[in-house]
file protein.cif (mmCIF, C-alpha atoms)
data_start
loop_
_atom_site.label_atom_id
_atom_site.label_comp_id
_atom_site.auth_asym_id
_atom_site.auth_seq_id
_atom_site.Cartn_x
_atom_site.Cartn_y
_atom_site.Cartn_z
CA MET A 1 2.90 -3.57 -50.87
CA ASN A 2 3.86 -1.07 -53.58
CA ALA A 3 3.18 2.67 -53.62
CA GLY A 4 0.41 2.30 -56.21
CA SER A 5 -1.56 -0.07 -54.00
CA LYS A 6 -1.19 2.23 -51.01
CA GLY A 7 -2.38 5.20 -53.05
CA PHE A 8 -5.40 3.26 -54.31
CA GLU A 9 -6.31 2.25 -50.75
CA ARG A 10 -6.16 5.87 -49.59
CA ILE A 11 -8.33 6.99 -52.50
CA MET A 12 -10.87 4.29 -51.67
CA GLY A 13 -10.85 5.36 -48.02
CA ILE A 14 -11.81 8.90 -49.06
CA ALA A 15 -14.19 7.97 -51.88
CA THR A 16 -16.40 5.63 -49.84
CA PRO A 17 -17.69 8.22 -47.32
CA LEU A 18 -18.09 10.79 -50.12
CA LEU A 19 -20.30 8.41 -52.10
CA LEU A 20 -22.40 7.72 -48.99
CA LEU A 21 -22.83 11.47 -48.43
CA LEU A 22 -23.87 11.91 -52.06
CA ALA A 23 -26.48 9.17 -51.74
CA TRP A 24 -27.77 10.82 -48.54
CA GLU A 25 -28.03 14.21 -50.29
CA ILE A 26 -29.93 12.72 -53.23
CA ALA A 27 -32.30 10.83 -50.95
CA GLY A 28 -33.05 14.02 -49.03
CA ARG A 29 -33.67 16.13 -52.12
CA PHE A 30 -36.04 13.57 -53.67
CA GLY A 31 -38.00 13.04 -50.45
CA LEU A 32 -36.85 9.47 -49.90
CA ILE A 33 -36.02 10.27 -46.26
CA ASP A 34 -37.60 12.60 -43.70
CA VAL A 35 -35.34 15.69 -43.68
CA ARG A 36 -36.73 16.72 -40.30
CA PHE A 37 -34.74 13.88 -38.74
CA PHE A 38 -32.16 13.30 -41.48
CA PRO A 39 -31.24 16.72 -42.91
CA PRO A 40 -29.18 16.45 -46.11
CA PRO A 41 -25.42 17.03 -45.93
CA SER A 42 -25.79 20.43 -47.62
CA SER A 43 -28.00 21.62 -44.78
CA ILE A 44 -25.57 20.26 -42.21
CA MET A 45 -22.63 21.96 -43.92
CA HIS A 46 -24.56 25.25 -43.91
CA GLN A 47 -24.98 24.86 -40.15
CA VAL A 48 -21.25 24.15 -39.86
CA GLY A 49 -20.61 27.53 -41.49
CA VAL A 50 -23.02 29.24 -39.09
CA LEU A 51 -21.39 27.67 -36.02
CA LEU A 52 -17.90 28.44 -37.31
CA ALA A 53 -18.84 32.08 -37.91
CA SER A 54 -20.20 32.41 -34.39
CA GLY A 55 -17.12 30.69 -32.89
CA GLU A 56 -19.30 28.17 -31.06
CA LEU A 57 -17.99 25.15 -32.94
CA VAL A 58 -14.32 25.99 -32.47
CA THR A 59 -14.78 26.77 -28.77
CA ASN A 60 -16.58 23.48 -28.09
CA MET A 61 -14.16 21.43 -30.17
CA LEU A 62 -11.10 22.87 -28.43
CA ALA A 63 -12.67 22.18 -25.02
CA SER A 64 -13.24 18.53 -25.93
CA LEU A 65 -9.77 18.13 -27.44
CA ARG A 66 -8.14 19.57 -24.33
CA ARG A 67 -9.96 17.12 -22.08
CA LEU A 68 -9.25 14.26 -24.45
CA ALA A 69 -5.51 15.02 -24.59
CA LEU A 70 -5.21 15.29 -20.81
CA GLY A 71 -7.20 12.09 -20.31
CA MET A 72 -5.09 10.16 -22.84
CA LEU A 73 -1.92 11.24 -21.05
CA LEU A 74 -3.32 10.51 -17.60
CA GLY A 75 -4.52 7.05 -18.56
CA GLY A 76 -2.14 6.12 -21.37
CA VAL A 77 1.27 6.69 -19.80
CA PRO A 78 0.61 4.61 -16.62
CA ALA A 79 -1.05 1.94 -18.78
CA LEU A 80 2.00 1.72 -21.04
CA LEU A 81 4.45 1.46 -18.15
CA LEU A 82 2.32 -1.03 -16.24
CA GLY A 83 1.71 -3.13 -19.35
CA LEU A 84 5.42 -3.37 -20.12
CA ALA A 85 6.21 -4.25 -16.51
CA MET A 86 3.48 -6.92 -16.43
CA GLY A 87 4.69 -8.38 -19.69
CA ILE A 88 8.24 -8.72 -18.39
CA SER A 89 7.41 -9.85 -14.85
CA ARG A 90 5.33 -13.00 -14.49
CA PRO A 91 4.66 -12.47 -10.72
CA LEU A 92 3.43 -8.92 -11.36
CA ARG A 93 1.24 -10.16 -14.19
CA ALA A 94 -0.23 -12.85 -11.94
CA ALA A 95 -1.02 -10.23 -9.29
CA ILE A 96 -2.51 -7.49 -11.50
CA ASP A 97 -4.12 -9.41 -14.36
CA PRO A 98 -7.14 -10.63 -12.32
CA LEU A 99 -7.90 -7.04 -11.28
CA ILE A 100 -7.81 -5.83 -14.87
CA SER A 101 -9.90 -8.78 -16.06
CA ALA A 102 -12.52 -8.08 -13.38
CA THR A 103 -12.81 -4.32 -13.92
CA TYR A 104 -12.42 -4.09 -17.69
CA PRO A 105 -15.94 -5.39 -18.57
CA ILE A 106 -17.60 -2.71 -16.40
CA PRO A 107 -19.11 -0.13 -18.80
CA LYS A 108 -17.14 3.06 -18.28
CA SER A 109 -20.24 5.17 -18.90
CA ALA A 110 -21.96 3.32 -16.04
CA ILE A 111 -19.43 4.61 -13.52
CA LEU A 112 -19.88 8.24 -14.58
CA PRO A 113 -22.17 8.96 -11.59
CA LEU A 114 -19.49 7.63 -9.24
CA VAL A 115 -16.80 9.70 -10.96
CA LEU A 116 -18.98 12.80 -10.67
CA LEU A 117 -19.59 12.02 -7.00
CA ILE A 118 -15.86 11.73 -6.29
CA PHE A 119 -14.44 14.45 -8.56
CA GLY A 120 -17.38 16.81 -8.88
CA LEU A 121 -18.79 18.55 -11.95
CA GLY A 122 -15.56 20.29 -12.95
CA GLU A 123 -12.93 19.45 -15.54
CA THR A 124 -11.37 16.64 -13.50
CA SER A 125 -14.32 14.28 -13.86
CA LYS A 126 -14.25 14.52 -17.67
CA VAL A 127 -10.50 13.94 -17.81
CA VAL A 128 -10.78 10.96 -15.46
CA MET A 129 -13.47 9.39 -17.64
CA VAL A 130 -11.22 9.59 -20.70
CA ALA A 131 -8.29 8.26 -18.67
CA LEU A 132 -10.31 5.24 -17.57
CA GLY A 133 -11.35 4.55 -21.14
CA ALA A 134 -7.79 4.85 -22.43
CA PHE A 135 -6.15 2.81 -19.67
CA TYR A 136 -7.57 -0.62 -20.41
CA PRO A 137 -7.00 -0.94 -24.18
CA ILE A 138 -3.43 0.27 -23.85
CA VAL A 139 -2.45 -1.87 -20.85
CA ILE A 140 -4.07 -5.03 -22.27
CA ASN A 141 -2.54 -4.63 -25.72
CA THR A 142 0.86 -3.79 -24.23
CA VAL A 143 0.87 -6.91 -22.08
CA VAL A 144 -0.16 -9.04 -25.06
CA GLY A 145 2.57 -7.48 -27.19
CA VAL A 146 5.31 -8.19 -24.66
CA VAL A 147 4.09 -11.69 -23.76
CA ASN A 148 3.94 -12.68 -27.43
CA LEU A 149 7.55 -11.64 -28.03
CA ASP A 150 9.80 -14.48 -29.06
CA ARG A 151 11.43 -15.51 -25.77
CA ILE A 152 14.80 -15.79 -27.49
CA TYR A 153 15.07 -11.98 -27.49
CA LEU A 154 14.60 -11.79 -23.74
CA ASP A 155 17.02 -14.69 -23.27
CA VAL A 156 19.65 -12.87 -25.32
CA GLY A 157 19.20 -9.79 -23.16
CA HIS A 158 19.60 -11.83 -19.99
CA ASN A 159 22.65 -13.63 -21.41
CA PHE A 160 24.30 -10.28 -22.05
CA ARG A 161 23.44 -9.27 -18.47
CA ALA A 162 21.11 -6.50 -19.57
CA SER A 163 19.52 -4.63 -16.70
CA ARG A 164 15.75 -4.56 -16.27
CA TRP A 165 15.69 -1.03 -17.66
CA GLN A 166 17.70 -2.10 -20.73
CA VAL A 167 15.37 -5.06 -21.34
CA PHE A 168 12.43 -2.72 -20.84
CA ARG A 169 13.76 -0.06 -23.23
CA THR A 170 15.51 -2.05 -25.96
CA ILE A 171 13.54 -5.31 -26.15
CA ALA A 172 10.07 -5.13 -24.60
CA LEU A 173 9.05 -1.67 -25.84
CA PRO A 174 10.18 -2.00 -29.50
CA GLY A 175 8.89 -5.56 -29.76
CA ALA A 176 5.48 -4.67 -28.39
CA LEU A 177 5.05 -1.48 -30.48
CA PRO A 178 2.61 -2.95 -33.05
CA SER A 179 0.31 -4.14 -30.27
CA ILE A 180 0.76 -0.89 -28.33
CA MET A 181 -0.26 1.20 -31.34
CA ALA A 182 -3.38 -0.95 -31.75
CA GLY A 183 -4.20 -0.22 -28.12
CA VAL A 184 -3.65 3.53 -28.60
CA LYS A 185 -6.05 3.54 -31.57
CA LEU A 186 -8.71 1.77 -29.52
CA ALA A 187 -8.08 4.16 -26.63
CA ALA A 188 -8.50 7.23 -28.84
CA GLY A 189 -11.86 5.95 -30.08
CA MET A 190 -13.00 5.12 -26.57
CA GLY A 191 -11.86 8.53 -25.39
CA LEU A 192 -14.02 10.25 -28.00
CA ILE A 193 -17.04 8.23 -26.92
CA LEU A 194 -16.55 8.92 -23.22
CA ILE A 195 -15.77 12.61 -23.57
CA ALA A 196 -19.01 13.09 -25.51
CA ILE A 197 -21.02 11.17 -22.89
CA SER A 198 -19.48 13.01 -19.94
CA GLU A 199 -19.96 16.41 -21.57
CA MET A 200 -23.65 15.67 -22.14
CA VAL A 201 -24.15 15.17 -18.42
CA ALA A 202 -21.82 17.61 -16.68
CA ALA A 203 -20.33 20.35 -18.86
CA ASN A 204 -21.03 23.84 -20.12
CA ASP A 205 -18.99 23.40 -23.30
CA GLY A 206 -17.59 20.69 -25.53
CA ILE A 207 -18.96 18.69 -28.45
CA GLY A 208 -21.07 16.47 -26.19
CA PHE A 209 -22.62 19.54 -24.55
CA MET A 210 -23.33 21.02 -27.98
CA ILE A 211 -25.14 17.85 -29.11
CA TRP A 212 -27.19 17.60 -25.93
CA ASN A 213 -28.08 21.28 -25.95
CA ALA A 214 -29.15 21.00 -29.61
CA TRP A 215 -31.43 18.10 -28.70
CA GLN A 216 -33.05 20.14 -25.94
CA VAL A 217 -33.91 23.00 -28.32
CA LEU A 218 -34.61 20.65 -31.28
CA THR A 219 -31.96 22.06 -33.62
CA VAL A 220 -31.36 18.81 -35.45
CA ASP A 221 -28.78 20.29 -37.82
CA THR A 222 -26.53 21.21 -34.90
CA MET A 223 -26.84 17.70 -33.49
CA TYR A 224 -25.56 16.32 -36.79
CA VAL A 225 -22.74 18.87 -36.81
CA GLY A 226 -21.60 17.52 -33.44
CA LEU A 227 -21.75 13.95 -34.71
CA LEU A 228 -19.90 14.99 -37.86
CA VAL A 229 -17.13 16.62 -35.82
CA ILE A 230 -16.70 13.46 -33.72
CA ALA A 231 -16.56 11.35 -36.89
CA ILE A 232 -13.97 13.65 -38.47
CA LEU A 233 -11.89 13.67 -35.30
CA GLY A 234 -11.98 9.87 -35.23
CA PHE A 235 -10.83 9.73 -38.86
CA VAL A 236 -8.05 12.28 -38.24
CA PHE A 237 -6.84 10.45 -35.14
CA SER A 238 -6.77 7.16 -37.04
CA PHE A 239 -4.90 8.72 -39.96
CA VAL A 240 -2.33 10.43 -37.71
CA LEU A 241 -1.77 7.29 -35.65
CA ASP A 242 -1.36 5.24 -38.84
CA GLU A 243 1.33 7.66 -40.03
CA ILE A 244 3.05 7.54 -36.63
CA GLU A 245 2.89 3.74 -36.78
CA ARG A 246 4.51 3.71 -40.24
CA TRP A 247 7.30 5.91 -38.89
CA LEU A 248 7.86 3.96 -35.68
CA ILE A 249 7.34 0.48 -37.16
CA PRO A 250 8.48 0.65 -40.81
CA TRP A 251 8.79 -3.12 -41.07
CA LYS A 252 5.05 -3.59 -40.42
CA SER A 253 3.97 -1.47 -43.41
CA SER A 254 5.70 -3.90 -45.75
CA VAL A 255 3.49 -6.79 -44.64
#

call {"tool": "encode", "arguments": {"input": "protein.cif", "output": "C-alpha cells"}}
result
Amino acid sequence: MNAGSKGFERIMGIATPLLLLLAWEIAGRFGLIDVRFFPPPSSIMHQVGVLLASGELVTNMLASLRRLALGMLLGGVPALLLGLAMGISRPLRAAIDPLISATYPIPKSAILPLVLLIFGLGETSKVVMVALGAFYPIVINTVVGVVNLDRIYLDVGHNFRASRWQVFRTIALPGALPSIMAGVKLAAGMGLILIAISEMVAANDGIGFMIWNAWQVLTVDTMYVGLLVIAILGFVFSFVLDEIERWLIPWKSSV
C-alpha cells in the first residue's frame, strides 16, 4: 500500500464523522429532530467549553483515565504472560482453556455487584472491573496468535536447544504480536465501556459519574459531552495503538 492510499484512508476516517456531525447540526437547526433529546453539535460544544472552564470535564476525564490505565495493566500483563505460556504449553492450555471458555461469556457488567461486595465502593472495584474486561480479549488473542504460528519456527528453536524463555521471548512473542495487538484494541474498548458503567454506580467522579449525574438533573448537553469524550478517547486509543502496531509490526502494514 503506497503513501497516497494511506493518506486518503486517514482523510476518509476524519471526514466521515465530520459529515455526520454536519448533518446532525442541520437537522437540529431545521427542526427535523427534537433538540431536547438530540441537541445539535454546536450546543454540545458550547457545553464542552463550559465544563472545561469550570475544570469539571478535565477532572472527571483524568479520574477515568487513571482507573483505565491501572486496570489495563492489572489485567493485560497477566493475560499476556498467561496467553503466551498457554500457547507454548499444550498441557497448560488443556488445563486453563476450559476455565476461560466458561467464564468469558459472563457479562462483566453483571458481576459488578459481586465486585463491589468484595472490593467495596473505592477505587479498587473500578480498576478490577477494567482488569476483568481487559484480561479475556488479550489472553484469548495471545493464545490464538501463538497456536497459529508455523510450527517450523518452534521446531527450529528446539533444534537449537533454545530455552523456554528464549522460545517465549524470540519466537512466541514476536510471532503472536499481530494477534496480541488486536486483543489490546478490544481490551481498550471494553475497558472504556466498563469504566463508564462502574463509575455510574459507585463513584464520585469520572466520565461515567458525569453522565449519570447529568441524567439525574436532566442536563442533556452534559450527557452528550460525556458520550463525546468516550467516543474521542476510543478514537485516540485506536489511533495510538495503530501507530504502535505499525512500529512494532512493520511487515503487517505492507499487506

call {"tool": "residues_around", "arguments": {"input": "protein.cif", "residues": "A:Pro137", "least_positions_apart": "3", "cutoff": "12 Å", "atoms": "all atoms listed in the file", "output": "number ranges by chain"}}
result
A: 72, 75-76, 79-80, 83, 100-101, 104-105, 130-134, 140-145, 179-191

call {"tool": "closest_residue", "arguments": {"input": "protein.cif", "among": "A:Ile193, A:Ile14, A:Ser89, A:Phe119", "to": "A:Pro107", "atoms": "all atoms listed in the file"}}
result
A:Ile193

call {"tool": "atom_distance", "arguments": {"input": "protein.cif", "atom1": "atom CA of A:Met12", "atom2": "atom CA of A:Trp24"}}
result
18.4 Å

call {"tool": "resolve_selection", "arguments": {"input": "protein.cif", "expression": "the PyMOL selection byres ((chain A and resi 198) around 8)", "output": "number ranges by chain"}}
result
A: 109, 112, 126, 129, 194-197, 199-203, 208

call {"tool": "residues_around", "arguments": {"input": "protein.cif", "residues": "stretch 55-57 of chain A", "least_positions_apart": "6", "cutoff": "12 Å", "atoms": "all atoms listed in the file", "output": "PyMOL selection string"}}
result
chain A and resi 47-49+63-64+204-211+222-223+225-230

call {"tool": "residues_around", "arguments": {"input": "protein.cif", "residues": "A:Phe37", "least_positions_apart": "5", "cutoff": "12 Å", "atoms": "only C-alpha atoms", "output": "list in words"}}
result
Gly28, Ser43, Ile44, Trp215, Leu218, Thr219, Val220, Asp221, Thr222, Met223 and Tyr224 of chain A

call {"tool": "atom_distance", "arguments": {"input": "protein.cif", "atom1": "atom CA of A:Gly87", "atom2": "atom CA of A:Ile138"}}
result
12.6 Å

call {"tool": "atom_distance", "arguments": {"input": "protein.cif", "atom1": "atom CA of A:Pro178", "atom2": "atom CA of A:Val147"}}
result
12.8 Å

call {"tool": "closest_residue", "arguments": {"input": "protein.cif", "among": "A:Ile152, A:Val127, A:Leu233, A:Leu177", "to": "A:Pro250", "atoms": "all atoms listed in the file"}}
result
A:Leu177

call {"tool": "residues_around", "arguments": {"input": "protein.cif", "residues": "A:Thr124", "least_positions_apart": "4", "cutoff": "10 Å", "atoms": "all atoms listed in the file", "output": "number ranges by chain"}}
result
A: 67, 70-71, 115-116, 118-120, 128-129

call {"tool": "closest_residue", "arguments": {"input": "protein.cif", "among": "A:Val58, A:Met86, A:Leu20, A:Ile11", "to": "A:Pro41", "atoms": "all atoms listed in the file"}}
result
A:Leu20

call {"tool": "closest_residue", "arguments": {"input": "protein.cif", "among": "A:Ala85, A:Ser238, A:Gly122, A:Pro98", "to": "A:Ala176", "atoms": "all atoms listed in the file"}}
result
A:Ala85

call {"tool": "build_atoms", "arguments": {"input": "protein.cif", "residues": "stretch 214-230 of chain A", "atoms": "N, CA, C and O atoms", "output": "mmCIF file, keeping the file's coordinate frame"}}
result
data_model
loop_
_atom_site.group_PDB
_atom_site.id
_atom_site.type_symbol
_atom_site.label_atom_id
_atom_site.label_comp_id
_atom_site.auth_asym_id
_atom_site.auth_seq_id
_atom_site.Cartn_x
_atom_site.Cartn_y
_atom_site.Cartn_z
ATOM 1 N N ALA A 214 -28.398 20.949 -28.358
ATOM 2 C CA ALA A 214 -29.150 21.000 -29.610
ATOM 3 C C ALA A 214 -30.381 20.101 -29.537
ATOM 4 O O ALA A 214 -31.442 20.441 -30.080
ATOM 5 N N TRP A 215 -30.271 18.970 -28.878
ATOM 6 C CA TRP A 215 -31.430 18.100 -28.700
ATOM 7 C C TRP A 215 -32.504 18.777 -27.856
ATOM 8 O O TRP A 215 -33.698 18.692 -28.159
ATOM 9 N N GLN A 216 -32.083 19.483 -26.820
ATOM 10 C CA GLN A 216 -33.050 20.140 -25.940
ATOM 11 C C GLN A 216 -33.842 21.223 -26.648
ATOM 12 O O GLN A 216 -35.023 21.437 -26.330
ATOM 13 N N VAL A 217 -33.216 21.919 -27.593
ATOM 14 C CA VAL A 217 -33.910 23.000 -28.320
ATOM 15 C C VAL A 217 -34.323 22.555 -29.719
ATOM 16 O O VAL A 217 -34.777 23.369 -30.520
ATOM 17 N N LEU A 218 -34.158 21.246 -30.015
ATOM 18 C CA LEU A 218 -34.610 20.650 -31.280
ATOM 19 C C LEU A 218 -33.985 21.291 -32.513
ATOM 20 O O LEU A 218 -34.647 21.468 -33.546
ATOM 21 N N THR A 219 -32.703 21.615 -32.432
ATOM 22 C CA THR A 219 -31.960 22.060 -33.620
ATOM 23 C C THR A 219 -31.195 20.843 -34.159
ATOM 24 O O THR A 219 -30.042 20.614 -33.795
ATOM 25 N N VAL A 220 -31.889 20.096 -35.003
ATOM 26 C CA VAL A 220 -31.360 18.810 -35.450
ATOM 27 C C VAL A 220 -30.068 18.983 -36.242
ATOM 28 O O VAL A 220 -29.144 18.166 -36.141
ATOM 29 N N ASP A 221 -29.986 20.060 -37.032
ATOM 30 C CA ASP A 221 -28.780 20.290 -37.820
ATOM 31 C C ASP A 221 -27.539 20.387 -36.935
ATOM 32 O O ASP A 221 -26.476 19.843 -37.278
ATOM 33 N N THR A 222 -27.667 21.061 -35.810
ATOM 34 C CA THR A 222 -26.530 21.210 -34.900
ATOM 35 C C THR A 222 -26.147 19.878 -34.274
ATOM 36 O O THR A 222 -24.964 19.599 -34.061
ATOM 37 N N MET A 223 -27.150 19.039 -33.999
ATOM 38 C CA MET A 223 -26.840 17.700 -33.490
ATOM 39 C C MET A 223 -25.971 16.941 -34.489
ATOM 40 O O MET A 223 -24.979 16.304 -34.113
ATOM 41 N N TYR A 224 -26.329 17.018 -35.761
ATOM 42 C CA TYR A 224 -25.560 16.320 -36.790
ATOM 43 C C TYR A 224 -24.167 16.933 -36.957
ATOM 44 O O TYR A 224 -23.210 16.220 -37.270
ATOM 45 N N VAL A 225 -24.067 18.244 -36.749
ATOM 46 C CA VAL A 225 -22.740 18.870 -36.810
ATOM 47 C C VAL A 225 -21.845 18.289 -35.728
ATOM 48 O O VAL A 225 -20.669 17.969 -35.977
ATOM 49 N N GLY A 226 -22.389 18.127 -34.523
ATOM 50 C CA GLY A 226 -21.600 17.520 -33.440
ATOM 51 C C GLY A 226 -21.170 16.110 -33.773
ATOM 52 O O GLY A 226 -20.014 15.722 -33.556
ATOM 53 N N LEU A 227 -22.099 15.319 -34.314
ATOM 54 C CA LEU A 227 -21.750 13.950 -34.710
ATOM 55 C C LEU A 227 -20.715 13.945 -35.819
ATOM 56 O O LEU A 227 -19.806 13.106 -35.829
ATOM 57 N N LEU A 228 -20.860 14.892 -36.758
ATOM 58 C CA LEU A 228 -19.900 14.990 -37.860
ATOM 59 C C LEU A 228 -18.506 15.330 -37.344
ATOM 60 O O LEU A 228 -17.502 14.747 -37.798
ATOM 61 N N VAL A 229 -18.430 16.237 -36.386
ATOM 62 C CA VAL A 229 -17.130 16.620 -35.820
ATOM 63 C C VAL A 229 -16.476 15.420 -35.137
ATOM 64 O O VAL A 229 -15.274 15.174 -35.301
ATOM 65 N N ILE A 230 -17.255 14.646 -34.388
ATOM 66 C CA ILE A 230 -16.700 13.460 -33.720
ATOM 67 C C ILE A 230 -16.206 12.460 -34.761
ATOM 68 O O ILE A 230 -15.119 11.870 -34.610
#
